[in-house]
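Undergrad: The file below is model_34.cif, mmCIF, C-alpha atoms and all ligand atoms:
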```cif
data_query
loop_
_atom_site.group_PDB
_atom_site.id
_atom_site.type_symbol
_atom_site.label_atom_id
_atom_site.label_comp_id
_atom_site.auth_asym_id
_atom_site.auth_seq_id
_atom_site.Cartn_x
_atom_site.Cartn_y
_atom_site.Cartn_z
ATOM 1 C CA MET A 1 104.176 55.275 171.281
ATOM 2 C CA THR A 2 107.274 54.622 169.150
ATOM 3 C CA GLN A 3 107.757 51.173 170.664
ATOM 4 C CA HIS A 4 104.095 50.415 169.937
ATOM 5 C CA LEU A 5 104.537 51.392 166.276
ATOM 6 C CA THR A 6 107.761 49.411 165.995
ATOM 7 C CA ASP A 7 105.874 46.412 167.400
ATOM 8 C CA LEU A 8 103.223 46.918 164.715
ATOM 9 C CA ALA A 9 105.894 46.896 162.002
ATOM 10 C CA GLN A 10 107.501 43.798 163.484
ATOM 11 C CA GLY A 11 104.230 42.014 164.149
ATOM 12 C CA GLN A 12 103.393 41.517 160.492
ATOM 13 C CA HIS A 13 104.344 38.311 158.714
ATOM 14 C CA TYR A 14 107.272 38.772 156.342
ATOM 15 C CA PRO A 15 107.570 35.538 154.352
ATOM 16 C CA ALA A 16 110.960 34.129 153.410
ATOM 17 C CA GLY A 17 111.708 33.624 149.695
ATOM 18 C CA ALA A 18 110.072 36.952 148.808
ATOM 19 C CA LEU A 19 111.105 40.202 147.130
ATOM 20 C CA TYR A 20 110.319 43.344 149.133
ATOM 21 C CA VAL A 21 110.097 46.518 147.022
ATOM 22 C CA VAL A 22 111.089 49.249 149.467
ATOM 23 C CA ALA A 23 110.744 53.016 148.955
ATOM 24 C CA THR A 24 113.578 55.120 150.376
ATOM 25 C CA PRO A 25 113.748 58.933 150.881
ATOM 26 C CA ILE A 26 113.955 61.438 148.012
ATOM 27 C CA GLY A 27 116.176 63.826 149.963
ATOM 28 C CA ASN A 28 115.355 63.959 153.644
ATOM 29 C CA VAL A 29 116.810 60.847 155.313
ATOM 30 C CA ALA A 30 114.066 60.968 157.956
ATOM 31 C CA ASP A 31 111.428 60.188 155.295
ATOM 32 C CA ILE A 32 111.572 56.427 155.738
ATOM 33 C CA THR A 33 108.828 54.288 157.199
ATOM 34 C CA LEU A 34 109.087 52.071 160.248
ATOM 35 C CA ARG A 35 108.173 49.064 158.106
ATOM 36 C CA ALA A 36 110.901 49.930 155.604
ATOM 37 C CA LEU A 37 113.479 50.088 158.399
ATOM 38 C CA HIS A 38 112.229 46.820 159.842
ATOM 39 C CA VAL A 39 112.313 45.028 156.489
ATOM 40 C CA LEU A 40 115.718 46.451 155.515
ATOM 41 C CA ALA A 41 117.071 45.125 158.815
ATOM 42 C CA LEU A 42 115.336 41.761 158.306
ATOM 43 C CA VAL A 43 116.275 40.922 154.691
ATOM 44 C CA ASP A 44 119.283 38.794 153.777
ATOM 45 C CA ARG A 45 120.280 40.926 150.802
ATOM 46 C CA VAL A 46 119.534 44.231 149.130
ATOM 47 C CA ALA A 47 119.153 44.557 145.368
ATOM 48 C CA ALA A 48 120.254 48.147 144.802
ATOM 49 C CA GLU A 49 120.576 50.478 141.833
ATOM 50 C CA ASP A 50 123.904 51.779 143.168
ATOM 51 C CA THR A 51 125.273 49.511 145.875
ATOM 52 C CA ARG A 52 127.664 52.129 147.304
ATOM 53 C CA ASN A 53 124.968 54.752 147.519
ATOM 54 C CA THR A 54 122.580 52.324 149.223
ATOM 55 C CA ALA A 55 125.283 51.099 151.632
ATOM 56 C CA GLN A 56 125.792 54.726 152.676
ATOM 57 C CA LEU A 57 122.067 55.299 153.154
ATOM 58 C CA LEU A 58 121.618 52.076 155.139
ATOM 59 C CA SER A 59 124.594 52.944 157.351
ATOM 60 C CA ARG A 60 122.689 56.065 158.443
ATOM 61 C CA TYR A 61 120.038 53.735 159.846
ATOM 62 C CA GLY A 62 122.671 51.452 161.387
ATOM 63 C CA ILE A 63 122.020 48.701 158.812
ATOM 64 C CA SER A 64 124.603 46.821 156.727
ATOM 65 C CA LYS A 65 123.661 44.105 154.194
ATOM 66 C CA PRO A 66 125.192 42.158 151.310
ATOM 67 C CA SER A 67 124.015 43.627 148.008
ATOM 68 C CA ILE A 68 123.341 42.825 144.360
ATOM 69 C CA ALA A 69 123.680 45.620 141.796
ATOM 70 C CA VAL A 70 120.488 45.955 139.760
ATOM 71 C CA HIS A 71 120.673 48.795 137.286
ATOM 72 C CA GLU A 72 119.267 49.698 133.886
ATOM 73 C CA HIS A 73 121.911 47.708 131.987
ATOM 74 C CA ASN A 74 121.938 44.421 133.925
ATOM 75 C CA GLU A 75 118.418 44.061 135.294
ATOM 76 C CA ARG A 76 117.795 40.741 133.552
ATOM 77 C CA SER A 77 121.005 38.974 134.632
ATOM 78 C CA ALA A 78 120.789 40.502 138.119
ATOM 79 C CA ALA A 79 117.217 39.177 138.357
ATOM 80 C CA GLU A 80 118.536 35.634 137.701
ATOM 81 C CA ARG A 81 120.965 36.016 140.592
ATOM 82 C CA ALA A 82 118.250 37.381 142.858
ATOM 83 C CA ILE A 83 115.939 34.472 141.974
ATOM 84 C CA GLY A 84 118.753 32.050 142.855
ATOM 85 C CA HIS A 85 118.890 33.596 146.337
ATOM 86 C CA LEU A 86 115.076 33.510 146.668
ATOM 87 C CA ARG A 87 115.207 29.762 145.859
ATOM 88 C CA ASN A 88 117.516 29.407 148.862
ATOM 89 C CA GLY A 89 114.773 30.951 150.995
ATOM 90 C CA GLU A 90 116.299 34.434 151.293
ATOM 91 C CA ARG A 91 114.346 37.632 151.714
ATOM 92 C CA ILE A 92 115.538 40.333 149.302
ATOM 93 C CA ALA A 93 114.798 44.065 149.414
ATOM 94 C CA CYS A 94 114.792 45.996 146.144
ATOM 95 C CA VAL A 95 115.684 49.678 146.523
ATOM 96 C CA SER A 96 116.621 52.431 144.092
ATOM 97 C CA ASP A 97 118.849 55.459 144.620
ATOM 98 C CA ALA A 98 115.911 57.554 145.782
ATOM 99 C CA GLY A 99 112.173 57.198 146.186
ATOM 100 C CA THR A 100 110.119 54.310 144.888
ATOM 101 C CA PRO A 101 111.778 51.603 142.757
ATOM 102 C CA GLY A 102 110.186 51.152 139.327
ATOM 103 C CA ILE A 103 109.091 54.817 139.110
ATOM 104 C CA SER A 104 111.555 56.175 136.494
ATOM 105 C CA ASP A 105 114.030 53.828 138.186
ATOM 106 C CA PRO A 106 115.129 50.192 137.876
ATOM 107 C CA GLY A 107 112.989 47.608 139.630
ATOM 108 C CA ALA A 108 110.118 46.793 137.276
ATOM 109 C CA ARG A 109 111.983 44.062 135.320
ATOM 110 C CA LEU A 110 113.185 42.492 138.554
ATOM 111 C CA VAL A 111 109.570 42.468 139.785
ATOM 112 C CA ASP A 112 108.423 40.783 136.530
ATOM 113 C CA ALA A 113 111.144 38.133 136.678
ATOM 114 C CA VAL A 114 110.568 37.341 140.365
ATOM 115 C CA ARG A 115 106.807 37.018 139.907
ATOM 116 C CA GLU A 116 107.289 34.884 136.774
ATOM 117 C CA ALA A 117 109.568 32.592 138.776
ATOM 118 C CA GLY A 118 106.697 32.123 141.247
ATOM 119 C CA PHE A 119 107.977 34.138 144.213
ATOM 120 C CA PRO A 120 105.907 36.783 146.046
ATOM 121 C CA VAL A 121 106.551 40.493 145.465
ATOM 122 C CA ILE A 122 105.681 42.623 148.492
ATOM 123 C CA PRO A 123 105.529 46.434 148.123
ATOM 124 C CA LEU A 124 106.436 48.806 150.964
ATOM 125 C CA PRO A 125 105.105 52.293 150.153
ATOM 126 C CA GLY A 126 106.998 55.480 150.912
ATOM 127 C CA ALA A 127 108.460 58.574 149.300
ATOM 128 C CA SER A 128 108.210 59.321 145.616
ATOM 129 C CA ALA A 129 108.874 62.673 143.946
ATOM 130 C CA LEU A 130 105.671 62.089 141.936
ATOM 131 C CA THR A 131 103.265 61.890 144.884
ATOM 132 C CA THR A 132 105.209 64.471 146.909
ATOM 133 C CA ALA A 133 104.741 67.084 144.161
ATOM 134 C CA LEU A 134 101.128 66.104 143.495
ATOM 135 C CA CYS A 135 100.025 66.309 147.123
ATOM 136 C CA ALA A 136 101.044 69.974 147.170
ATOM 137 C CA ALA A 137 99.747 70.832 143.683
ATOM 138 C CA GLY A 138 96.147 71.705 144.487
ATOM 139 C CA ALA A 139 92.670 71.037 143.145
ATOM 140 C CA TRP A 140 93.487 71.774 139.489
ATOM 141 C CA VAL A 141 95.211 68.373 139.422
ATOM 142 C CA HIS A 142 92.189 66.108 139.855
ATOM 143 C CA THR A 143 93.438 63.440 137.465
ATOM 144 C CA PHE A 144 96.928 63.049 136.044
ATOM 145 C CA THR A 145 99.188 61.096 133.718
ATOM 146 C CA PHE A 146 102.732 60.378 134.838
ATOM 147 C CA ILE A 147 105.136 60.822 131.919
ATOM 148 C CA GLY A 148 108.481 60.885 133.765
ATOM 149 C CA PHE A 149 111.468 62.002 131.667
ATOM 150 C CA LEU A 150 110.753 63.280 128.161
ATOM 151 C CA ALA A 151 113.026 62.295 125.268
ATOM 152 C CA ALA A 152 116.141 64.501 125.134
ATOM 153 C CA LYS A 153 116.091 64.961 121.329
ATOM 154 C CA PRO A 154 113.880 67.923 120.337
ATOM 155 C CA LYS A 155 112.144 66.100 117.480
ATOM 156 C CA GLN A 156 111.287 63.019 119.537
ATOM 157 C CA ARG A 157 110.209 65.232 122.431
ATOM 158 C CA ALA A 158 107.890 67.275 120.195
ATOM 159 C CA THR A 159 106.273 64.079 118.846
ATOM 160 C CA GLN A 160 105.803 62.772 122.389
ATOM 161 C CA LEU A 161 104.241 66.063 123.506
ATOM 162 C CA GLN A 162 101.863 66.092 120.554
ATOM 163 C CA SER A 163 100.459 62.762 121.730
ATOM 164 C CA PHE A 164 99.668 64.206 125.197
ATOM 165 C CA ALA A 165 98.470 67.623 124.017
ATOM 166 C CA THR A 166 94.741 66.933 124.178
ATOM 167 C CA GLN A 167 94.677 64.905 127.399
ATOM 168 C CA PRO A 168 92.277 66.500 129.887
ATOM 169 C CA GLY A 169 94.192 65.385 133.013
ATOM 170 C CA ALA A 170 97.358 67.026 134.314
ATOM 171 C CA LEU A 171 100.732 65.806 133.027
ATOM 172 C CA VAL A 172 103.617 65.073 135.387
ATOM 173 C CA PHE A 173 107.242 65.154 134.245
ATOM 174 C CA TYR A 174 110.616 64.550 135.874
ATOM 175 C CA GLU A 175 113.527 66.689 134.765
ATOM 176 C CA ALA A 176 117.205 67.231 135.505
ATOM 177 C CA PRO A 177 118.730 70.701 136.071
ATOM 178 C CA HIS A 178 120.702 70.911 132.801
ATOM 179 C CA ARG A 179 117.534 70.527 130.705
ATOM 180 C CA ILE A 180 114.932 72.288 132.847
ATOM 181 C CA VAL A 181 114.695 75.575 130.918
ATOM 182 C CA GLU A 182 114.677 73.837 127.533
ATOM 183 C CA THR A 183 111.982 71.413 128.676
ATOM 184 C CA VAL A 184 109.677 74.085 130.115
ATOM 185 C CA GLN A 185 110.056 76.064 126.882
ATOM 186 C CA ALA A 186 109.241 72.920 124.853
ATOM 187 C CA LEU A 187 106.144 72.333 127.021
ATOM 188 C CA ALA A 188 104.977 75.915 126.426
ATOM 189 C CA ASP A 189 105.597 75.579 122.663
ATOM 190 C CA ALA A 190 103.733 72.291 122.388
ATOM 191 C CA LEU A 191 100.869 72.782 124.856
ATOM 192 C CA GLY A 192 100.295 76.545 124.711
ATOM 193 C CA GLY A 193 101.418 79.156 127.227
ATOM 194 C CA GLU A 194 98.174 79.508 129.166
ATOM 195 C CA ARG A 195 98.171 76.276 131.144
ATOM 196 C CA GLN A 196 99.094 76.226 134.820
ATOM 197 C CA LEU A 197 102.544 74.894 135.713
ATOM 198 C CA LEU A 198 103.925 73.778 139.073
ATOM 199 C CA ILE A 199 107.721 73.741 139.288
ATOM 200 C CA ALA A 200 108.547 71.556 142.298
ATOM 201 C CA ARG A 201 112.271 71.692 143.043
ATOM 202 C CA GLU A 202 114.431 69.900 145.605
ATOM 203 C CA LEU A 203 111.440 68.397 147.394
ATOM 204 C CA THR A 204 112.041 67.543 151.067
ATOM 205 C CA LYS A 205 115.528 69.128 150.887
ATOM 206 C CA LEU A 206 117.045 72.334 152.278
ATOM 207 C CA HIS A 207 116.327 74.391 149.150
ATOM 208 C CA GLU A 208 112.852 73.022 148.453
ATOM 209 C CA SER A 209 110.689 75.357 146.392
ATOM 210 C CA LEU A 210 107.259 75.084 144.801
ATOM 211 C CA HIS A 211 106.440 77.756 142.264
ATOM 212 C CA ARG A 212 103.179 78.020 140.348
ATOM 213 C CA CYS A 213 102.852 80.089 137.193
ATOM 214 C CA THR A 214 101.696 79.654 133.592
ATOM 215 C CA LEU A 215 103.707 77.670 131.058
ATOM 216 C CA ALA A 216 104.499 80.908 129.220
ATOM 217 C CA GLU A 217 105.916 82.451 132.427
ATOM 218 C CA GLY A 218 107.971 79.359 133.330
ATOM 219 C CA PRO A 219 111.165 79.952 131.288
ATOM 220 C CA THR A 220 111.385 83.617 132.369
ATOM 221 C CA TRP A 221 110.918 82.705 136.028
ATOM 222 C CA LEU A 222 113.635 80.032 135.802
ATOM 223 C CA ALA A 223 116.001 82.454 134.032
ATOM 224 C CA GLY A 224 115.399 85.078 136.759
ATOM 225 C CA ASP A 225 117.823 83.392 139.198
ATOM 226 C CA PRO A 226 120.405 80.639 138.449
ATOM 227 C CA ASN A 227 119.492 78.975 141.773
ATOM 228 C CA ARG A 228 116.013 78.278 140.389
ATOM 229 C CA GLN A 229 117.591 75.970 137.790
ATOM 230 C CA ARG A 230 119.555 73.892 140.324
ATOM 231 C CA GLY A 231 118.611 70.535 141.775
ATOM 232 C CA GLU A 232 115.938 67.991 140.912
ATOM 233 C CA PHE A 233 112.582 68.855 139.412
ATOM 234 C CA VAL A 234 109.026 67.648 139.094
ATOM 235 C CA LEU A 235 106.887 69.593 136.618
ATOM 236 C CA VAL A 236 103.097 69.395 136.840
ATOM 237 C CA VAL A 237 101.227 70.847 133.860
ATOM 238 C CA GLU A 238 97.489 71.502 133.749
ATOM 239 C CA GLY A 239 95.482 69.281 131.378
ATOM 240 C CA ALA A 240 94.074 70.423 128.037
ATOM 241 C CA PRO A 241 91.135 72.823 128.352
ATOM 242 C CA GLN A 242 87.825 71.024 128.036
ATOM 243 C CA GLN A 243 85.659 71.743 125.010
ATOM 244 C CA ALA A 244 83.089 73.612 127.113
ATOM 245 C CA ASP A 245 85.809 75.718 128.801
ATOM 246 C CA ALA A 246 87.335 76.575 125.429
ATOM 247 C CA GLU A 247 83.936 77.532 124.002
ATOM 248 C CA ASP A 248 83.193 79.776 126.998
ATOM 249 C CA ALA A 249 86.603 81.429 126.636
ATOM 250 C CA HIS A 250 86.052 81.957 122.885
ATOM 251 C CA ASP A 251 82.619 83.487 123.521
ATOM 252 C CA ALA A 252 84.065 85.893 126.092
ATOM 253 C CA LEU A 253 86.860 86.915 123.720
ATOM 254 C CA LEU A 254 84.535 87.337 120.715
ATOM 255 C CA SER A 255 82.047 89.418 122.737
ATOM 256 C CA THR A 256 84.844 91.800 123.757
ATOM 257 C CA LEU A 257 86.189 92.041 120.205
ATOM 258 C CA LEU A 258 82.687 92.597 118.776
ATOM 259 C CA GLU A 259 82.372 95.753 120.856
ATOM 260 C CA GLU A 260 84.963 97.362 118.544
ATOM 261 C CA LEU A 261 85.196 95.194 115.421
ATOM 262 C CA SER A 262 83.084 93.685 112.653
ATOM 263 C CA VAL A 263 82.111 89.995 112.804
ATOM 264 C CA SER A 264 84.781 88.955 110.304
ATOM 265 C CA SER A 265 87.551 91.050 111.926
ATOM 266 C CA ALA A 266 86.640 89.731 115.395
ATOM 267 C CA ALA A 267 86.710 86.144 114.083
ATOM 268 C CA ARG A 268 90.050 86.694 112.324
ATOM 269 C CA LEU A 269 91.683 88.226 115.405
ATOM 270 C CA ALA A 270 90.221 85.558 117.727
ATOM 271 C CA ALA A 271 91.584 82.829 115.408
ATOM 272 C CA THR A 272 95.043 84.413 115.549
ATOM 273 C CA LEU A 273 94.916 84.729 119.341
ATOM 274 C CA THR A 274 93.527 81.280 120.166
ATOM 275 C CA GLY A 275 94.632 79.096 117.258
ATOM 276 C CA ALA A 276 91.015 77.841 116.913
ATOM 277 C CA PRO A 277 89.547 77.451 113.372
ATOM 278 C CA ARG A 278 88.448 80.771 111.861
ATOM 279 C CA ASN A 279 85.240 79.364 110.269
ATOM 280 C CA ALA A 280 83.941 78.117 113.610
ATOM 281 C CA LEU A 281 84.788 81.430 115.303
ATOM 282 C CA TYR A 282 83.085 83.362 112.473
ATOM 283 C CA ALA A 283 79.874 81.332 112.907
ATOM 284 C CA ARG A 284 79.987 81.902 116.659
ATOM 285 C CA ALA A 285 80.708 85.647 116.280
ATOM 286 C CA LEU A 286 77.760 85.941 113.881
ATOM 287 C CA TYR A 287 75.496 84.210 116.404
ATOM 288 C CA LEU A 288 76.717 86.434 119.264
ATOM 289 C CA ALA A 289 76.314 89.599 117.196
ATOM 290 C CA LYS A 290 72.734 88.623 116.246
ATOM 291 C CA SER A 291 71.831 87.717 119.843
ATOM 292 C CA GLU A 292 73.158 91.111 120.917
ATOM 293 C CA GLU A 293 70.952 92.880 118.311
ATOM 294 C CA GLU A 294 67.842 90.997 119.481
HETATM 295 N N1 LIG B 301 112.146 56.651 141.862
HETATM 296 C C1 LIG B 301 112.124 58.079 142.087
HETATM 297 C C2 LIG B 301 110.745 58.480 142.636
HETATM 298 O O1 LIG B 301 110.057 57.628 143.206
HETATM 299 O O2 LIG B 301 110.358 59.635 142.527
HETATM 300 C C3 LIG B 301 112.496 58.851 140.837
HETATM 301 C C4 LIG B 301 113.874 58.554 140.331
HETATM 302 S S1 LIG B 301 114.305 59.420 138.884
HETATM 303 C C5 LIG B 301 115.748 58.596 138.373
HETATM 304 C C6 LIG B 301 115.001 60.895 139.484
HETATM 305 C C7 LIG B 301 114.132 62.102 139.160
HETATM 306 O O3 LIG B 301 113.063 62.188 140.084
HETATM 307 C C8 LIG B 301 114.863 63.429 139.273
HETATM 308 O O4 LIG B 301 115.559 63.749 138.074
HETATM 309 C C9 LIG B 301 113.722 64.391 139.522
HETATM 310 O O5 LIG B 301 113.059 64.686 138.316
HETATM 311 C C10 LIG B 301 112.798 63.531 140.399
HETATM 312 N N2 LIG B 301 113.156 63.744 141.799
HETATM 313 C C11 LIG B 301 113.761 62.882 142.628
HETATM 314 N N3 LIG B 301 113.926 63.432 143.846
HETATM 315 C C12 LIG B 301 113.416 64.685 143.782
HETATM 316 C C13 LIG B 301 113.294 65.760 144.708
HETATM 317 N N4 LIG B 301 113.752 65.656 145.939
HETATM 318 N N5 LIG B 301 112.687 66.900 144.284
HETATM 319 C C14 LIG B 301 112.215 67.018 143.031
HETATM 320 N N6 LIG B 301 112.313 66.030 142.121
HETATM 321 C C15 LIG B 301 112.912 64.891 142.486
#
```
Using the file provided, produce a representation of the structure as C-alpha cells.
TA:
Amino acid sequence: MTQHLTDLAQGQHYPAGALYVVATPIGNVADITLRALHVLALVDRVAAEDTRNTAQLLSRYGISKPSIAVHEHNERSAAERAIGHLRNGERIACVSDAGTPGISDPGARLVDAVREAGFPVIPLPGASALTTALCAAGAWVHTFTFIGFLAAKPKQRATQLQSFATQPGALVFYEAPHRIVETVQALADALGGERQLLIARELTKLHESLHRCTLAEGPTWLAGDPNRQRGEFVLVVEGAPQQADAEDAHDALLSTLLEELSVSSAARLAATLTGAPRNALYARALYLAKSEEE
C-alpha cells in the first residue's frame, strides 16, 4: 500500500526550472504528504523562511539540501537569487517555518517574481492552521474571510475591526499567546459579545484544545487558567447576524418586554440592550402591541 502511494507520488512529472510551494506541518511532524517528501528530496535547493529551522525539519525526514533564506525583509533580493538558480534548470522548493507558505508567511512575493520571470509555480497542498481550525469549527462557519494577524496598535485594530463588523461570513484570525486575551476582548468590544467564538489552540500538538463559547465569554475563559493562554492560536468568529435574524431577535425581545412594559419603555430598553435604533424598535413595538390587541 505505502509503496503503491510512494510510486504515485514519484510517477508524476516534476519539471525542472520550477518553483514548488510546499506545505509543511504546523506542529505534528507526521503531517506531511508523500508528494511533499518526494519533492523535498527531489529539489536542488530549498527557499526557506528560517534555514536552520527548515534544515532541522528536513533532517527528521532524512533530507538535507542547500538553502536560500527568504524572509519578510529580503524576499525581493532572495527572489532574484532563486530565479538565477531556476535559469540554471534547478528545481526549488519554497517552505515556511510551519504550514502553507504565503498564508501569513513569506512566499507570495517569491511566487510573483518567479511567475513574472516566466517560470512555473507548482503548489503542493498540506497543513495550514487556517483549514485545520475551520474543518473542526462546524456548520456555523459556512463562508469565511481570512484576516490573519490584526494590527497590534489598539486604534488601528479598532479601525480594521470596524471594516469587518457587518460581514455575514465568519472571520478567521491568527494570534500569538502574548496578545490573545487583549485580542479576544477587542473582538468582543468591536463585534458584540453574542457571536460564537472558536478558540483553536496548539492544533495537532500535545496540548491541542478547541473551545467554543461566545465572544463575551472568551476573555473570562482564557483568564480561568494560564495554560489556556499558551501556544499558538486560531480564532474563528461568527459572522454578523443577518437582517432577518436580527429582526426576529428584536421581535422576540420586544414581545417579552411588552408583557410588562409600555410600548415606549419596551422600545427604550430594547434599544439599550441591542444597540439598534430606538425609532425603529418603537415602530415595531407599536405594531406588535396592536397585533396582540387584535
Ligand atoms: N503559514 C502558516 C499556516 O499555513 O497556517 C501560518 C504562519 S503564521 C506566521 C503563524 C500563526 O499561525 C500562529 O501565530 C498561529 O496564529 C497560527 N498557527 C500556526 N500553527 C498553529 C497551531 N499548531 N495551532 C494553532 N495556530 C497555529
Undergrad: Check which residues satisfy the PyMOL selection byres (((chain A and resi 63) around 12) and not hetatm) in the file shown, then give them as a compact mmCIF listing (two decimals) with C-alpha atoms, keeping the file's coordinate frame.
TA:
```txt
# COMPACT_ATOMS: atom_id res chain seq x y z
CA ALA A 36 110.90 49.93 155.60
CA LEU A 37 113.48 50.09 158.40
CA HIS A 38 112.23 46.82 159.84
CA VAL A 39 112.31 45.03 156.49
CA LEU A 40 115.72 46.45 155.51
CA ALA A 41 117.07 45.12 158.82
CA LEU A 42 115.34 41.76 158.31
CA VAL A 43 116.28 40.92 154.69
CA ASP A 44 119.28 38.79 153.78
CA ARG A 45 120.28 40.93 150.80
CA VAL A 46 119.53 44.23 149.13
CA THR A 54 122.58 52.32 149.22
CA ALA A 55 125.28 51.10 151.63
CA GLN A 56 125.79 54.73 152.68
CA LEU A 57 122.07 55.30 153.15
CA LEU A 58 121.62 52.08 155.14
CA SER A 59 124.59 52.94 157.35
CA ARG A 60 122.69 56.06 158.44
CA TYR A 61 120.04 53.74 159.85
CA GLY A 62 122.67 51.45 161.39
CA SER A 64 124.60 46.82 156.73
CA LYS A 65 123.66 44.10 154.19
CA PRO A 66 125.19 42.16 151.31
```
Undergrad: Considering all atoms listed in the file, return as a list of chain:residue names whatever protein or nucleic-acid residues lie within 9 Å of Asn28 of chain A, sequence-local ones (same chain, fewer than 3 positions apart) excluded.
TA: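 Non-adjacent residues within range: A:Pro25, A:Asp31, A:Ile32, A:Leu203, A:Thr204, A:Lys205, A:Leu206.
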Undergrad: Apply the PyMOL selection byres (((chain A and resi 228) around 12) and not hetatm) to the displayed file and report the matching residues as an MDAnalysis selection string.
TA: chainID A and resid 177:178 180:181 199:202 207:211 218:227 229:233
Undergrad: Evaluate the PyMOL selection byres (((chain A and resi 125-137) around 7) and not hetatm) and record the selected residues as a PyMOL selection string, following the chain and residue labels used in the document.
TA: chain A and resi 22-26+31-33+99-100+123-124+138+141+198+200+234
Undergrad: Could you tell me which of A:Ala267, A:Ala93, A:Ala113, A:Ile103 comes closest to Glu80 of chain A if we count all atoms listed in the file?
TA: A:Ala113
Undergrad: Work out how far atom CA of Gly84 of chain A is from atom CA of Thr51 of chain A, in Å to one decimal.
TA: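 Separating atom CA of Thr51 of chain A from atom CA of Gly84 of chain A is a distance of 18.9 Å.
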Undergrad: What's around segment 187-190 of chain A at 12 Å? Count only C-alpha atoms, leave out sequence neighbours fewer than 6 positions away in its own chain, and write the answer as number ranges by chain.
TA: A: 150, 154-155, 157-166, 171-173, 180-181, 196-197, 213-220, 235-240
Undergrad: Taking into account all atoms listed in the file, which residue in the set A:Val29, A:Leu253, A:Leu288, A:Leu281 is nearest to ligand LIG 301 (chain B)?
TA: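 For ligand LIG 301 (chain B), the nearest of the given residues is A:Val29.
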Undergrad: Between atom CA of Ala283 of chain A and atom CA of Glu260 of chain A, what is the spacing in Å?
TA: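 These atoms are spaced 17.7 Å apart.
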Undergrad: Using only C-alpha atoms, what residues lie at most 12 Å away from (83.8, 91.9, 121.4) (file coordinates), given as a VMD selection string?
TA: chain A and resid 250 to 267 269 to 270 284 to 286 288 to 289 292
Undergrad: Please report the interatomic distance between atom O5 of ligand LIG 301 (chain B) and atom CA of Asn53 of chain A in Å with one decimal.
TA: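 Computing the Euclidean distance for atom O5 of ligand LIG 301 (chain B) and atom CA of Asn53 of chain A yields 18.0 Å.
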Undergrad: List every protein, DNA or RNA residue that has an atom no more than 7 Å from (113.0, 49.0, 142.0) in the file's coordinate frame, counting only C-alpha atoms, and report them as a list in words.
TA: Val21, Cys94, Val95, Ser96, Thr100, Pro101, Gly102, Asp105, Pro106, Gly107 and Ala108 of chain A
Undergrad: Okay, now the selection with C-alpha atoms, as a tab-separated table (two decimals), in the frame of the given file?
TA:
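The result, stored in result-v6.tsv:
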```
chain	number	residue	atom	x	y	z
A	21	VAL	CA	110.10	46.52	147.02
A	94	CYS	CA	114.79	46.00	146.14
A	95	VAL	CA	115.68	49.68	146.52
A	96	SER	CA	116.62	52.43	144.09
A	100	THR	CA	110.12	54.31	144.89
A	101	PRO	CA	111.78	51.60	142.76
A	102	GLY	CA	110.19	51.15	139.33
A	105	ASP	CA	114.03	53.83	138.19
A	106	PRO	CA	115.13	50.19	137.88
A	107	GLY	CA	112.99	47.61	139.63
A	108	ALA	CA	110.12	46.79	137.28
```
Undergrad: Out of A:Ala139, A:Val70, A:Leu273, A:Leu86, which residue has the shortest atom-to-atom distance to Ala117 of chain A when counting all atoms listed in the file?
TA: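 Under the stated criterion, the closest residue is A:Leu86.
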